[in-house]
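Next comes coords-v2.txt, with compact mmCIF, C-alpha atoms.
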```
# COMPACT_ATOMS: atom_id res chain seq x y z
CA MET X 19 -16.24 -3.71 -8.45
CA THR X 20 -18.62 -3.53 -5.52
CA THR X 21 -21.67 -4.74 -7.42
CA PRO X 22 -22.49 -8.33 -6.48
CA ALA X 23 -22.85 -9.52 -10.06
CA HIS X 24 -20.12 -8.35 -12.42
CA ALA X 25 -21.21 -7.40 -15.93
CA PHE X 26 -17.64 -7.95 -17.14
CA HIS X 27 -15.06 -10.54 -16.27
CA LEU X 28 -11.30 -10.31 -16.70
CA ALA X 29 -9.70 -12.68 -19.21
CA GLN X 30 -6.02 -13.55 -18.96
CA LEU X 31 -3.63 -15.19 -21.42
CA ASN X 32 -0.06 -16.16 -20.62
CA VAL X 33 2.40 -17.77 -23.01
CA ALA X 34 5.62 -19.45 -21.88
CA THR X 35 8.36 -20.93 -24.05
CA LEU X 36 9.77 -24.11 -22.54
CA LEU X 37 13.56 -24.30 -22.16
CA HIS X 38 13.42 -28.10 -22.49
CA PRO X 39 10.85 -30.62 -23.75
CA PHE X 40 7.85 -31.01 -21.46
CA ASP X 41 8.86 -34.54 -20.40
CA ASP X 42 12.48 -33.57 -19.71
CA PRO X 43 13.54 -34.16 -16.07
CA ARG X 44 14.53 -30.51 -15.83
CA ILE X 45 10.88 -29.53 -16.36
CA ALA X 46 9.58 -32.16 -13.88
CA PRO X 47 9.47 -29.78 -10.87
CA PHE X 48 7.16 -27.51 -12.87
CA VAL X 49 4.96 -30.42 -13.95
CA GLU X 50 4.67 -31.54 -10.31
CA LEU X 51 3.33 -28.11 -9.33
CA LEU X 52 0.66 -28.07 -12.07
CA ASP X 53 -2.07 -30.07 -10.34
CA PRO X 54 -1.85 -28.46 -6.88
CA VAL X 55 -1.63 -24.95 -8.32
CA ASN X 56 -4.47 -25.50 -10.80
CA SER X 57 -6.67 -27.00 -8.08
CA ALA X 58 -5.91 -23.96 -5.91
CA ALA X 59 -6.95 -21.70 -8.79
CA ASP X 60 -10.24 -23.58 -9.21
CA GLU X 61 -11.05 -23.00 -5.54
CA THR X 62 -9.97 -19.35 -5.43
CA PRO X 63 -12.80 -16.85 -4.81
CA GLY X 64 -13.38 -14.96 -8.06
CA PHE X 65 -12.14 -17.75 -10.33
CA VAL X 66 -14.50 -18.32 -13.27
CA TRP X 67 -12.91 -20.61 -15.84
CA ARG X 68 -9.64 -21.87 -17.27
CA LEU X 69 -8.80 -23.55 -20.54
CA VAL X 70 -8.08 -27.29 -20.44
CA GLY X 71 -7.34 -29.73 -23.25
CA GLU X 72 -9.99 -32.28 -24.25
CA GLY X 73 -10.11 -34.80 -21.39
CA GLU X 74 -7.06 -33.21 -19.76
CA ALA X 75 -6.52 -31.57 -16.37
CA ASP X 76 -4.76 -28.55 -17.87
CA ALA X 77 -3.88 -26.81 -21.13
CA THR X 78 -0.21 -27.82 -21.34
CA GLY X 79 -0.96 -30.30 -24.16
CA LEU X 80 -2.38 -27.56 -26.36
CA ARG X 81 0.29 -25.71 -28.29
CA PRO X 82 -1.59 -23.05 -30.28
CA ALA X 83 1.28 -20.58 -30.14
CA GLY X 84 4.12 -22.91 -31.13
CA GLU X 85 5.38 -26.44 -30.44
CA ASP X 86 7.42 -25.41 -27.38
CA VAL X 87 5.03 -22.72 -26.10
CA ILE X 88 2.52 -23.60 -23.39
CA VAL X 89 -0.48 -21.35 -22.86
CA ASN X 90 -2.57 -20.47 -19.85
CA LEU X 91 -5.98 -18.93 -20.54
CA SER X 92 -8.41 -18.11 -17.73
CA VAL X 93 -11.29 -15.84 -16.69
CA TRP X 94 -11.73 -14.09 -13.32
CA GLU X 95 -14.47 -11.97 -11.76
CA THR X 96 -12.11 -9.13 -10.89
CA GLN X 97 -8.53 -8.05 -11.47
CA GLU X 98 -7.89 -8.24 -7.71
CA ALA X 99 -8.94 -11.90 -7.63
CA LEU X 100 -6.52 -12.75 -10.42
CA TRP X 101 -3.70 -10.71 -8.85
CA ASP X 102 -4.12 -12.37 -5.48
CA PHE X 103 -4.05 -15.80 -7.09
CA ALA X 104 -1.08 -15.03 -9.35
CA TYR X 105 1.10 -13.40 -6.72
CA ARG X 106 -0.36 -14.17 -3.28
CA SER X 107 -0.86 -17.95 -3.44
CA GLY X 108 1.16 -21.09 -4.16
CA HIS X 109 1.32 -19.81 -7.75
CA LEU X 110 3.98 -17.27 -6.70
CA GLU X 111 6.44 -20.14 -6.14
CA VAL X 112 5.96 -21.18 -9.79
CA MET X 113 6.50 -17.59 -10.86
CA ARG X 114 9.62 -17.29 -8.71
CA ARG X 115 11.21 -20.30 -10.42
CA ARG X 116 10.08 -19.35 -13.94
CA ARG X 117 13.64 -18.82 -15.24
CA GLU X 118 14.48 -22.47 -14.49
CA TRP X 119 11.86 -23.66 -16.95
CA PHE X 120 10.97 -20.92 -19.42
CA GLU X 121 12.71 -18.61 -21.79
CA ARG X 122 12.70 -14.94 -21.04
CA HIS X 123 10.29 -13.25 -23.40
CA VAL X 124 11.45 -10.09 -25.10
CA GLU X 125 7.86 -9.29 -26.07
CA ALA X 126 4.83 -9.22 -23.80
CA HIS X 127 3.96 -12.74 -22.58
CA MET X 128 0.83 -11.90 -20.59
CA VAL X 129 -2.28 -9.99 -21.64
CA LEU X 130 -5.48 -9.01 -19.84
CA TRP X 131 -8.81 -7.90 -21.32
CA TRP X 132 -12.43 -7.61 -20.27
CA VAL X 133 -15.11 -9.98 -21.58
CA PRO X 134 -18.87 -9.84 -20.98
CA ALA X 135 -19.68 -12.08 -18.01
CA GLY X 136 -20.53 -15.54 -19.32
CA HIS X 137 -18.31 -15.27 -22.40
CA LEU X 138 -15.47 -17.79 -22.49
CA PRO X 139 -12.70 -16.55 -24.78
CA THR X 140 -11.31 -18.78 -27.52
CA VAL X 141 -7.61 -19.36 -27.95
CA ASP X 142 -7.65 -17.39 -31.23
CA GLU X 143 -9.33 -14.47 -29.55
CA ALA X 144 -6.76 -14.58 -26.76
CA LEU X 145 -3.81 -14.69 -29.15
CA GLU X 146 -5.28 -11.72 -31.04
CA ARG X 147 -5.32 -9.73 -27.80
CA LEU X 148 -1.69 -10.63 -27.18
CA SER X 149 -0.78 -9.50 -30.72
CA ASP X 150 -2.71 -6.28 -30.11
CA LEU X 151 -0.74 -5.61 -26.91
CA ARG X 152 2.55 -6.40 -28.64
CA ALA X 153 1.74 -4.19 -31.64
CA HIS X 154 0.06 -1.21 -30.00
CA GLY X 155 1.06 -1.32 -26.34
CA PRO X 156 -1.45 -1.32 -23.47
CA SER X 157 -4.97 -0.10 -24.31
CA PRO X 158 -8.47 -0.83 -22.97
CA ARG X 159 -8.53 -3.72 -25.51
CA ALA X 160 -5.38 -5.42 -24.24
CA PHE X 161 -3.46 -4.46 -21.14
CA THR X 162 -1.29 -5.66 -18.25
CA PHE X 163 -1.36 -5.44 -14.45
CA ALA X 164 1.04 -2.51 -14.55
CA SER X 165 -1.10 -0.60 -17.07
CA SER X 166 -4.63 -1.76 -16.44
CA TYR X 167 -7.99 -0.38 -17.52
CA THR X 168 -11.38 -0.74 -15.89
CA ALA X 169 -14.24 -2.60 -17.54
CA ALA X 170 -16.00 0.76 -17.99
CA GLU X 171 -13.03 2.09 -19.93
CA ALA X 172 -13.03 -0.99 -22.13
CA ALA X 173 -16.78 -1.14 -22.75
CA PRO X 174 -18.04 -0.16 -26.21
CA PRO X 175 -19.29 3.47 -26.12
CA HIS X 176 -22.98 2.61 -26.32
CA MET X 177 -22.68 0.40 -23.23
CA ALA X 178 -20.49 2.70 -21.17
CA PRO X 179 -21.75 5.34 -18.74
CA PRO X 180 -22.03 8.77 -20.45
CA ASP X 181 -18.91 10.21 -18.82
CA VAL X 182 -16.78 7.36 -20.15
CA ALA X 183 -18.25 7.66 -23.65
CA LEU X 184 -17.42 11.36 -23.66
CA ARG X 185 -13.83 10.73 -22.70
CA ALA X 186 -13.24 8.07 -25.37
CA LYS X 187 -11.34 9.35 -28.38
CA PRO X 188 -12.95 8.77 -31.80
CA ALA X 189 -10.00 6.62 -32.92
CA ASP X 190 -10.41 4.35 -29.89
CA GLU X 191 -14.09 3.91 -30.59
CA ALA X 192 -13.45 2.87 -34.16
CA GLU X 193 -10.81 0.34 -33.09
CA ALA X 194 -12.90 -0.99 -30.23
CA ALA X 195 -15.83 -1.52 -32.57
CA ALA X 196 -13.60 -3.40 -35.00
CA VAL X 197 -12.45 -5.91 -32.39
CA MET C 17 6.31 12.60 11.57
CA ILE C 18 9.45 11.83 13.55
CA ALA C 19 8.45 14.30 16.26
CA VAL C 20 5.11 12.56 16.67
CA LEU C 21 6.88 9.37 17.71
CA GLN C 22 9.39 11.03 20.06
CA ASP C 23 7.18 10.74 23.11
CA PRO C 24 7.96 7.32 24.67
CA VAL C 25 4.34 6.64 25.69
CA ARG C 26 3.13 7.49 22.22
CA ARG C 27 5.77 5.30 20.70
CA ARG C 28 4.81 2.35 22.91
CA LEU C 29 1.17 2.82 21.94
CA TYR C 30 2.05 2.94 18.24
CA GLU C 31 4.25 -0.12 18.44
CA TYR C 32 1.61 -2.05 20.35
CA VAL C 33 -1.20 -1.25 17.89
CA ALA C 34 1.04 -1.94 14.87
CA ALA C 35 2.10 -5.32 16.26
CA GLN C 36 -1.46 -6.57 16.81
CA GLY C 37 -2.45 -6.53 13.15
CA ARG C 38 -6.09 -5.90 14.12
CA GLU C 39 -8.28 -3.19 15.57
CA VAL C 40 -7.28 -2.21 19.09
CA GLY C 41 -9.52 -0.33 21.55
CA ARG C 42 -8.42 2.45 23.91
CA ASN C 43 -8.65 0.32 27.06
CA GLU C 44 -6.52 -2.44 25.63
CA ALA C 45 -3.89 -0.02 24.32
CA ALA C 46 -3.79 1.85 27.63
CA GLU C 47 -3.27 -1.38 29.53
CA ALA C 48 -0.52 -2.53 27.17
CA ALA C 49 1.33 0.78 27.45
CA GLY C 50 0.79 0.97 31.22
CA VAL C 51 -0.89 4.37 31.15
CA ALA C 52 -4.32 5.75 32.03
CA ARG C 53 -7.07 5.41 29.44
CA THR C 54 -7.47 9.17 28.95
CA LEU C 55 -3.76 9.64 28.31
CA ALA C 56 -3.76 6.71 25.87
CA ALA C 57 -6.80 8.17 24.07
CA HIS C 58 -5.02 11.50 23.70
CA HIS C 59 -1.89 9.95 22.20
CA LEU C 60 -3.81 7.53 19.98
CA ASP C 61 -5.76 10.43 18.49
CA ARG C 62 -2.54 12.41 17.89
CA LEU C 63 -1.12 9.34 16.08
CA ALA C 64 -4.28 9.11 13.98
CA GLU C 65 -4.10 12.82 13.15
CA ALA C 66 -0.51 12.35 11.99
CA GLY C 67 -1.68 9.53 9.72
CA LEU C 68 0.35 6.85 11.48
CA LEU C 69 -2.78 5.08 12.76
CA GLU C 70 -6.22 4.77 11.28
CA SER C 71 -9.20 5.08 13.59
CA GLY C 72 -12.75 3.84 13.37
CA SER C 73 -15.56 2.91 15.70
CA ARG C 74 -16.79 -0.51 16.60
CA ARG C 75 -19.06 -2.03 19.19
CA LEU C 76 -16.56 -4.16 21.05
CA THR C 77 -19.26 -5.91 23.08
CA GLY C 78 -20.65 -7.72 20.07
CA ARG C 79 -24.14 -6.45 20.97
CA SER C 80 -26.12 -4.27 18.63
CA GLY C 81 -29.29 -2.22 18.62
CA PRO C 82 -30.59 -0.07 21.48
CA GLY C 83 -28.77 -0.70 24.75
CA ALA C 84 -25.60 -1.91 23.06
CA GLY C 85 -23.86 1.27 24.14
CA ARG C 86 -21.82 3.81 22.28
CA PRO C 87 -19.44 2.34 19.69
CA ALA C 88 -15.87 2.33 20.96
CA LYS C 89 -13.05 3.98 19.10
CA VAL C 90 -10.59 1.50 17.64
CA TYR C 91 -7.19 1.93 15.99
CA THR C 92 -5.13 0.06 13.42
CA ARG C 93 -1.80 0.79 11.82
CA ALA C 94 -2.19 2.92 8.68
CA ARG C 95 -1.72 0.89 5.49
CA VAL C 96 0.10 3.67 3.69
CA GLU C 97 3.85 3.67 3.61
CA ARG C 98 5.77 6.42 5.44
CA SER C 99 9.36 7.13 4.76
CA VAL C 100 11.53 9.88 6.06
CA SER C 101 14.99 10.77 4.91
CA LEU C 102 17.09 13.74 5.88
CA PRO C 103 18.32 15.21 3.64
CA ALA C 104 15.86 14.12 0.93
CA ARG C 105 16.89 10.98 -0.99
CA ASP C 106 14.91 8.92 -3.45
CA TYR C 107 15.96 5.30 -3.12
CA ARG C 108 12.49 4.14 -4.05
CA THR C 109 12.76 5.41 -7.61
CA ALA C 110 16.22 3.88 -7.85
CA ALA C 111 14.86 0.55 -6.57
CA GLU C 112 11.96 0.62 -9.02
CA LEU C 113 14.20 1.39 -11.97
CA LEU C 114 16.72 -1.29 -11.04
CA ALA C 115 13.92 -3.82 -10.54
CA GLU C 116 12.36 -2.91 -13.87
CA ALA C 117 15.67 -3.40 -15.65
CA ALA C 118 16.36 -6.67 -13.81
CA GLU C 119 12.88 -7.93 -14.74
CA GLU C 120 13.33 -7.00 -18.39
CA VAL C 121 16.69 -8.70 -18.68
CA GLY C 122 15.68 -11.67 -16.50
CA LEU C 123 18.25 -11.23 -13.75
CA ASP C 124 16.32 -13.28 -11.15
CA ALA C 125 19.15 -15.71 -10.46
CA GLY C 126 21.79 -12.99 -10.11
CA LEU C 127 19.58 -10.92 -7.84
CA CYS C 128 18.80 -13.92 -5.61
CA ALA C 129 22.50 -14.80 -5.37
CA ALA C 130 23.28 -11.24 -4.26
CA ALA C 131 20.40 -11.28 -1.76
CA ARG C 132 21.56 -14.60 -0.29
CA ARG C 133 25.11 -13.26 0.09
CA ARG C 134 23.76 -10.14 1.80
CA GLY C 135 21.68 -12.26 4.20
CA GLU C 136 24.73 -14.38 5.02
CA SER C 137 26.91 -11.36 5.65
CA LEU C 138 24.25 -9.84 7.92
CA ARG C 139 24.30 -13.07 9.91
CA GLY C 140 28.10 -12.93 9.99
CA ALA C 141 29.83 -15.70 11.91
CA ALA C 142 26.69 -16.61 13.86
CA ALA C 143 25.30 -20.14 13.59
CA PRO C 144 22.09 -20.64 11.62
CA CYS C 145 19.07 -19.31 13.47
CA GLY C 146 18.24 -21.64 16.38
CA GLY C 147 14.47 -21.41 16.63
CA LEU C 148 11.32 -19.52 15.77
CA GLU C 149 11.61 -17.11 18.72
CA GLU C 150 15.14 -16.18 17.72
CA ALA C 151 13.99 -15.82 14.11
CA ALA C 152 11.20 -13.47 15.26
CA GLU C 153 13.70 -11.17 17.01
CA LEU C 154 16.02 -11.20 14.03
CA LEU C 155 13.21 -10.42 11.58
CA ALA C 156 11.75 -7.65 13.74
CA SER C 157 15.18 -5.99 13.74
CA ARG C 158 15.15 -6.11 9.93
CA GLY C 159 11.83 -4.27 9.59
CA TYR C 160 9.49 -7.26 9.35
CA GLU C 161 6.52 -7.62 11.71
CA PRO C 162 6.73 -11.28 12.69
CA HIS C 163 4.06 -13.14 14.61
CA LEU C 164 3.78 -16.78 15.60
CA GLU C 165 0.88 -18.75 14.24
CA GLY C 166 -0.44 -22.20 15.07
CA ASP C 167 -0.60 -24.07 18.36
CA GLY C 168 2.33 -26.39 17.77
CA GLU C 169 0.20 -29.49 18.09
CA GLY C 170 1.22 -30.99 14.76
CA GLU C 171 -1.22 -33.87 14.22
CA GLY C 172 -4.72 -32.44 14.03
CA GLY C 173 -3.56 -29.03 15.24
CA GLN C 174 -1.67 -26.48 13.24
CA GLU C 175 2.08 -26.50 13.22
CA ARG C 176 3.77 -23.42 14.69
CA VAL C 177 5.11 -21.10 12.03
CA LEU C 178 6.36 -17.55 11.88
CA ARG C 179 4.61 -15.17 9.50
CA MET C 180 5.30 -11.54 8.72
CA ARG C 181 2.56 -8.94 8.58
CA ASN C 182 4.43 -6.58 6.33
CA CYS C 183 6.87 -6.60 3.47
CA PRO C 184 9.84 -4.25 3.84
CA PHE C 185 10.04 -4.17 0.02
CA HIS C 186 6.31 -3.65 -0.47
CA ALA C 187 6.38 -0.90 -3.10
CA VAL C 188 8.68 -2.79 -5.48
CA ALA C 189 7.29 -6.21 -4.56
CA GLU C 190 3.83 -5.09 -5.71
CA ARG C 191 5.21 -4.11 -9.10
CA PHE C 192 7.54 -7.07 -9.69
CA PRO C 193 6.30 -9.84 -7.40
CA PRO C 194 8.20 -12.91 -8.65
CA LEU C 195 11.48 -10.99 -8.87
CA VAL C 196 11.29 -9.11 -5.56
CA CYS C 197 9.59 -11.88 -3.55
CA GLY C 198 12.30 -14.24 -4.81
CA MET C 199 14.91 -11.74 -3.66
CA ASN C 200 13.22 -11.48 -0.26
CA LEU C 201 13.20 -15.27 0.17
CA ALA C 202 16.89 -15.51 -0.78
CA LEU C 203 17.77 -12.73 1.67
CA LEU C 204 15.95 -14.54 4.49
CA GLU C 205 17.54 -17.87 3.54
CA GLY C 206 20.93 -16.22 3.90
CA LEU C 207 19.98 -14.48 7.15
CA LEU C 208 18.47 -17.55 8.85
CA GLY C 209 20.66 -20.20 7.22
CA VAL C 210 19.42 -23.06 5.08
CA ASP C 211 20.79 -26.01 7.06
CA GLY C 212 19.80 -25.06 10.60
CA PRO C 213 16.76 -25.77 12.80
CA VAL C 214 14.49 -23.33 10.94
CA ARG C 215 13.97 -22.62 7.29
CA ALA C 216 12.30 -19.94 5.20
CA ARG C 217 9.85 -21.07 2.54
CA MET C 218 7.65 -19.23 0.10
CA ASP C 219 3.98 -19.41 1.10
CA ALA C 220 2.30 -16.26 -0.15
CA ARG C 221 -1.02 -15.03 1.23
CA PRO C 222 -3.00 -11.86 0.51
CA GLY C 223 -1.83 -8.91 2.58
CA GLU C 224 1.24 -10.53 4.17
CA CYS C 225 4.89 -11.18 3.45
CA CYS C 226 5.35 -14.02 0.95
CA VAL C 227 7.65 -16.00 3.24
CA VAL C 228 6.87 -18.27 6.17
CA VAL C 229 9.53 -19.48 8.63
CA GLU C 230 9.08 -22.96 10.08
CA ALA C 231 10.99 -25.75 11.77
CA SER C 232 13.14 -27.68 9.30
CA LYS C 233 11.90 -31.16 8.54
CA ASP C 234 14.82 -33.52 8.32
CA ASN C 235 13.11 -35.80 5.83
CA GLU C 236 12.76 -32.92 3.43
CA ARG C 237 16.36 -31.83 3.56
```
Please express the file's structure as structure tokens.
Amino acid sequence: MTTPAHAFHLAQLNVATLLHPFDDPRIAPFVELLDPVNSAADETPGFVWRLVGEGEADATGLRPAGEDVIVNLSVWETQEALWDFAYRSGHLEVMRRRREWFERHVEAHMVLWWVPAGHLPTVDEALERLSDLRAHGPSPRAFTFASSYTAAEAAPPHMAPPDVALRAKPADEAEAAAV
Amino acid sequence: MIAVLQDPVRRRLYEYVAAQGREVGRNEAAEAAGVARTLAAHHLDRLAEAGLLESGSRRLTGRSGPGAGRPAKVYTRARVERSVSLPARDYRTAAELLAEAAEEVGLDAGLCAAARRRGESLRGAAAPCGGLEEAAELLASRGYEPHLEGDGEGEGGQERVLRMRNCPFHAVAERFPPLVCGMNLALLEGLLGVDGPVRARMDARPGECCVVVEASKDNER
């Protein structure tokens, strides 16, 4: 984390099921917060990239996970940068009011994973990570803030420092290679 | 831990350093506590040994290289959380488990309603908080570390607001930020009142409480 150039970046996917249609007045307060909060994200130190629809300012028009499910896919230099943005910026106000606009998810609705710096994840790739988290629980392949892994722990064995490679279980290696 | 803070001079020194939210040198702390520098140094080092303060060294003159003088010893409040209960109790585990369950079931609204009621009952029959100075006293008594920010100039300058250096619910807030920060805001809304001269608003920043207290703007009410 102290190296100036990060070999790995943290990717983040969030899915949220709307309680009402996107243009419903009850969703309007959320829609009003989109531009200021997204602009704040773009200017946050450590922000790398976020998914937007073709010619759009955000990704709310894309519905890859269902007609009433909006997605949020982004990449950050470090986990700390993402955490500070998510919970220590104007974004916290959106999070605080989430129950006014979104259904409570029984399954995991947010997933984190490491990508090589420069790689921008596709929506399919992101949804696969979410499925992985839902099916197998947190692992170096797909995790959460509460159960996070370092990039070294997530790196394929041949790229990881020797001590990490030694600690990796054979089963994990096989699965990591398959991803 | 408790014994370390029993000495009134030591306690004044601790409270002064903690309230500054930055590194404090021995001279400054001695002056603030009204004691000699050597006595202050002794107590500051005892506080650092007990883990209540963190110490480091810094050249306070801003000069560097030969002739800049010996670096001065500076102190800040330790970031780690201390809690003491006699006899032993474990409310933190209870709080974490309750928060986890509330998060899973989505009890945000119910929790905020309870927090607002608690804030209101703490205020009792008193009128809504009358100003930022009064709010600062009230918050300090509730375990926050308030400080005023801004010069009050409005146009061009920065408006005066009250911020808190710490979060009394830090350990659970870190694990369930939207839930616990929402609870904190509701508690402060109840405590300060929502229709008086000041209002609490969420304005999170790294390393501080998520809430800012500011003068109410009539056009926004």
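Taking only C-alpha atoms into account, Leu51 of chain X lies nearest to X:Met113 out of the set X:Gly84, X:Ala34, X:Pro39, X:Met113.
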Write out, as CSV, each residue of chain C that has an atom at most 12 Å from chain X, together with the closest pair of atoms and their distance in Å to one decimal, counting only C-alpha atoms, rows going by chain and rising number.
```
residue,atom,partner,partner_atom,distance
C:Glu116,CA,X:Ala164,CA,11.3
C:Ala118,CA,X:Arg122,CA,11.6
C:Glu119,CA,X:Arg122,CA,9.4
C:Glu120,CA,X:Val124,CA,7.6
C:Val121,CA,X:Arg122,CA,7.8
C:Gly122,CA,X:Arg122,CA,6.3
C:Leu123,CA,X:Arg117,CA,9.0
C:Asp124,CA,X:Arg117,CA,7.4
C:Ala125,CA,X:Arg117,CA,7.9
C:Gly126,CA,X:Arg117,CA,11.3
C:Leu127,CA,X:Arg114,CA,11.9
C:Cys128,CA,X:Arg114,CA,10.3
C:Val188,CA,X:Ala164,CA,11.9
C:Ala189,CA,X:Tyr105,CA,9.7
C:Glu190,CA,X:Tyr105,CA,8.8
C:Arg191,CA,X:Ala164,CA,7.0
C:Phe192,CA,X:Ala164,CA,9.3
C:Pro193,CA,X:Tyr105,CA,6.3
C:Pro194,CA,X:Arg114,CA,4.6
C:Leu195,CA,X:Arg114,CA,6.6
C:Val196,CA,X:Arg114,CA,8.9
C:Cys197,CA,X:Arg114,CA,7.5
C:Gly198,CA,X:Arg114,CA,5.6
C:Met199,CA,X:Arg114,CA,9.2
C:Asn200,CA,X:Arg114,CA,10.9
C:Leu201,CA,X:Arg114,CA,9.8
C:Ala202,CA,X:Arg114,CA,10.9
C:Arg217,CA,X:Glu111,CA,9.4
C:Met218,CA,X:Glu111,CA,6.4
C:Asp219,CA,X:Gly108,CA,6.2
C:Ala220,CA,X:Arg106,CA,4.6
C:Arg221,CA,X:Arg106,CA,4.6
C:Pro222,CA,X:Arg106,CA,5.2
C:Gly223,CA,X:Arg106,CA,8.0
C:Glu224,CA,X:Arg106,CA,8.4
C:Cys225,CA,X:Arg106,CA,9.0
C:Cys226,CA,X:Arg106,CA,7.1
C:Val227,CA,X:Glu111,CA,10.3
```
Contact residues around Gly159 of chain C with all atoms listed in the file at 12 Å, ignoring same-chain residues under 4 positions, as a VMD selection string: chain C and resid 35 152 to 155 180 to 186 225
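The space separating atom CA of Phe48 of chain X from atom CA of Gly73 of chain X comes to 20.6 Å.
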